[in-house]
>>> print(open('upload_18.cif').read())   # mmCIF, C-alpha atoms; chains and numbers go by the auth columns
data_model
loop_
_atom_site.group_PDB
_atom_site.id
_atom_site.type_symbol
_atom_site.label_atom_id
_atom_site.label_comp_id
_atom_site.label_asym_id
_atom_site.label_seq_id
_atom_site.Cartn_x
_atom_site.Cartn_y
_atom_site.Cartn_z
_atom_site.B_iso_or_equiv
_atom_site.auth_seq_id
_atom_site.auth_asym_id
ATOM 1 C CA MET A 1 -58.276 -51.782 10.405 0.00 12 A
ATOM 2 C CA LYS A 2 -59.081 -50.311 13.782 0.00 13 A
ATOM 3 C CA PRO A 3 -62.545 -49.467 15.146 0.00 14 A
ATOM 4 C CA HIS A 4 -61.604 -46.001 16.345 0.00 15 A
ATOM 5 C CA SER A 5 -62.984 -42.550 15.752 0.00 16 A
ATOM 6 C CA ASP A 6 -61.302 -40.391 13.153 0.00 17 A
ATOM 7 C CA PRO A 7 -62.234 -36.757 13.898 0.00 18 A
ATOM 8 C CA ASP A 8 -61.592 -35.632 10.312 0.00 19 A
ATOM 9 C CA LEU A 9 -63.742 -38.416 8.885 0.00 20 A
ATOM 10 C CA THR A 10 -66.461 -37.747 11.438 0.00 21 A
ATOM 11 C CA GLN A 11 -66.480 -34.055 10.523 0.00 22 A
ATOM 12 C CA ALA A 12 -66.677 -34.831 6.800 0.00 23 A
ATOM 13 C CA MET A 13 -69.489 -37.340 7.295 0.00 24 A
ATOM 14 C CA MET A 14 -71.528 -34.948 9.418 0.00 25 A
ATOM 15 C CA ALA A 15 -70.989 -32.089 6.963 0.00 26 A
ATOM 16 C CA ARG A 16 -72.406 -34.241 4.183 0.00 27 A
ATOM 17 C CA ALA A 17 -75.266 -35.425 6.389 0.00 28 A
ATOM 18 C CA GLY A 18 -76.859 -31.971 6.641 0.00 29 A
ATOM 19 C CA ASP A 19 -79.087 -32.126 3.564 0.00 30 A
ATOM 20 C CA LEU A 20 -79.949 -35.780 4.125 0.00 31 A
ATOM 21 C CA VAL A 21 -80.942 -35.255 7.744 0.00 32 A
ATOM 22 C CA ALA A 22 -83.025 -32.221 6.784 0.00 33 A
ATOM 23 C CA TYR A 23 -84.805 -34.350 4.151 0.00 34 A
ATOM 24 C CA MET A 24 -85.361 -37.158 6.652 0.00 35 A
ATOM 25 C CA THR A 25 -86.785 -34.699 9.176 0.00 36 A
ATOM 26 C CA ARG A 26 -89.221 -33.289 6.601 0.00 37 A
ATOM 27 C CA LYS A 27 -90.337 -36.841 5.729 0.00 38 A
ATOM 28 C CA GLY A 28 -90.618 -37.922 9.384 0.00 39 A
ATOM 29 C CA LEU A 29 -87.898 -40.575 9.044 0.00 40 A
ATOM 30 C CA SER A 30 -85.706 -41.538 11.981 0.00 41 A
ATOM 31 C CA ILE A 31 -83.525 -44.018 10.077 0.00 42 A
ATOM 32 C CA ALA A 32 -82.496 -44.582 6.460 0.00 43 A
ATOM 33 C CA VAL A 33 -80.295 -47.288 4.940 0.00 44 A
ATOM 34 C CA ALA A 34 -78.725 -47.212 1.498 0.00 45 A
ATOM 35 C CA GLY A 35 -76.399 -49.719 -0.103 0.00 46 A
ATOM 36 C CA GLY A 36 -74.814 -49.796 -3.501 0.00 47 A
ATOM 37 C CA THR A 37 -71.783 -48.652 -5.418 0.00 48 A
ATOM 38 C CA ALA A 38 -70.207 -45.291 -4.625 0.00 49 A
ATOM 39 C CA PRO A 39 -69.177 -42.968 -7.476 0.00 50 A
ATOM 40 C CA ASN A 40 -65.586 -44.250 -7.204 0.00 51 A
ATOM 41 C CA GLY A 41 -66.768 -47.824 -7.846 0.00 52 A
ATOM 42 C CA VAL A 42 -66.434 -49.103 -4.270 0.00 53 A
ATOM 43 C CA LYS A 43 -69.363 -51.002 -2.761 0.00 54 A
ATOM 44 C CA ALA A 44 -70.693 -49.181 0.308 0.00 55 A
ATOM 45 C CA THR A 45 -73.515 -49.135 2.836 0.00 56 A
ATOM 46 C CA VAL A 46 -74.605 -46.005 4.654 0.00 57 A
ATOM 47 C CA ILE A 47 -76.960 -45.688 7.620 0.00 58 A
ATOM 48 C CA TYR A 48 -78.307 -42.353 8.819 0.00 59 A
ATOM 49 C CA ALA A 49 -80.243 -42.135 12.051 0.00 60 A
ATOM 50 C CA THR A 50 -81.792 -39.080 13.653 0.00 61 A
ATOM 51 C CA GLY A 51 -83.324 -38.213 16.962 0.00 62 A
ATOM 52 C CA TYR A 52 -83.956 -41.071 19.361 0.00 63 A
ATOM 53 C CA ALA A 53 -82.490 -43.643 16.941 0.00 64 A
ATOM 54 C CA SER A 54 -79.106 -41.935 16.580 0.00 65 A
ATOM 55 C CA ASP A 55 -77.534 -43.147 19.843 0.00 66 A
ATOM 56 C CA THR A 56 -78.668 -46.741 19.326 0.00 67 A
ATOM 57 C CA VAL A 57 -77.425 -46.868 15.732 0.00 68 A
ATOM 58 C CA ARG A 58 -74.103 -45.269 16.733 0.00 69 A
ATOM 59 C CA ASP A 59 -73.590 -47.921 19.423 0.00 70 A
ATOM 60 C CA LEU A 60 -74.539 -50.733 17.031 0.00 71 A
ATOM 61 C CA GLY A 61 -72.193 -49.321 14.391 0.00 72 A
ATOM 62 C CA ALA A 62 -69.316 -49.201 16.860 0.00 73 A
ATOM 63 C CA ALA A 63 -69.945 -52.831 17.829 0.00 74 A
ATOM 64 C CA VAL A 64 -70.055 -53.879 14.158 0.00 75 A
ATOM 65 C CA ALA A 65 -66.806 -52.016 13.412 0.00 76 A
ATOM 66 C CA LYS A 66 -65.107 -53.691 16.368 0.00 77 A
ATOM 67 C CA ARG A 67 -66.274 -57.155 15.279 0.00 78 A
ATOM 68 C CA ILE A 68 -65.194 -56.618 11.667 0.00 79 A
ATOM 69 C CA ALA A 69 -61.759 -55.489 12.880 0.00 80 A
ATOM 70 C CA GLN A 70 -61.502 -58.645 15.015 0.00 81 A
ATOM 71 C CA MET A 71 -62.470 -60.796 12.011 0.00 82 A
ATOM 72 C CA ALA A 72 -59.839 -59.080 9.851 0.00 83 A
ATOM 73 C CA ASP A 73 -57.187 -59.628 12.533 0.00 84 A
ATOM 74 C CA GLU A 74 -58.140 -63.314 12.799 0.00 85 A
ATOM 75 C CA ALA A 75 -58.017 -63.750 9.030 0.00 86 A
ATOM 76 C CA SER A 76 -54.590 -62.120 8.753 0.00 87 A
ATOM 77 C CA ALA A 77 -53.257 -64.339 11.542 0.00 88 A
ATOM 78 C CA ASN A 78 -54.135 -67.472 9.548 0.00 89 A
#
>>> encode(input="upload_18.cif", output="structure tokens")
Amino acid sequence: MKPHSDPDLTQAMMARAGDLVAYMTRKGLSIAVAGGTAPNGVKATVIYATGYASDTVRDLGAAVAKRIAQMADEASAN
């Protein structure tokens, strides 16, 4: 696990975000969080942020990904 950007994944995520971001904009929402089980049976959490919240949430997400990768590395070393 590495906390790096994957351009293909980023493109796919943003393509799927279109309708959700449009809905959020109509509702006046700047952030939405959903957690549950994806259609393939894998547990997942998704956060969408728009406008002023998007940069902050992106930076927080990058920090979380980096920390989770560090935890995974530490666990595999033991």
>>> residues_around(input="upload_18.cif", residues="stretch 19-30 of chain A", least_positions_apart="6", cutoff="12 Å", atoms="only C-alpha atoms", output="JSON, numbers by chain")
{"A": [36, 37, 43, 57, 58, 59, 60, 61, 69]}
>>> closest_residue(input="upload_18.cif", among="A:Pro18, A:Gly72, A:Gly47, A:Gly62", to="A:Ala33", atoms="all atoms listed in the file")
A:Gly62
>>> residues_around(input="upload_18.cif", residues="A:Ala55", least_positions_apart="3", cutoff="10 Å", atoms="only C-alpha atoms", output="JSON, numbers by chain")
{"A": [45, 46, 47, 48, 49, 52]}
>>> axis_aligned_box(input="upload_18.cif", around="stretch 15-33 of chain A", padding_each_side="4 Å", output="JSON")
{"center_x": -72.2, "center_y": -39.0, "center_z": 10.0, "size_x": 29.7, "size_y": 22.0, "size_z": 20.8}
>>> atom_distance(input="upload_18.cif", atom1="atom CA of A:Val68", atom2="atom CA of A:Val44")
11.2 Å
>>> closest_residue(input="upload_18.cif", among="A:Ala80, A:Ala64, A:Val53, A:Val75", to="A:Leu40", atoms="only C-alpha atoms")
A:Ala64
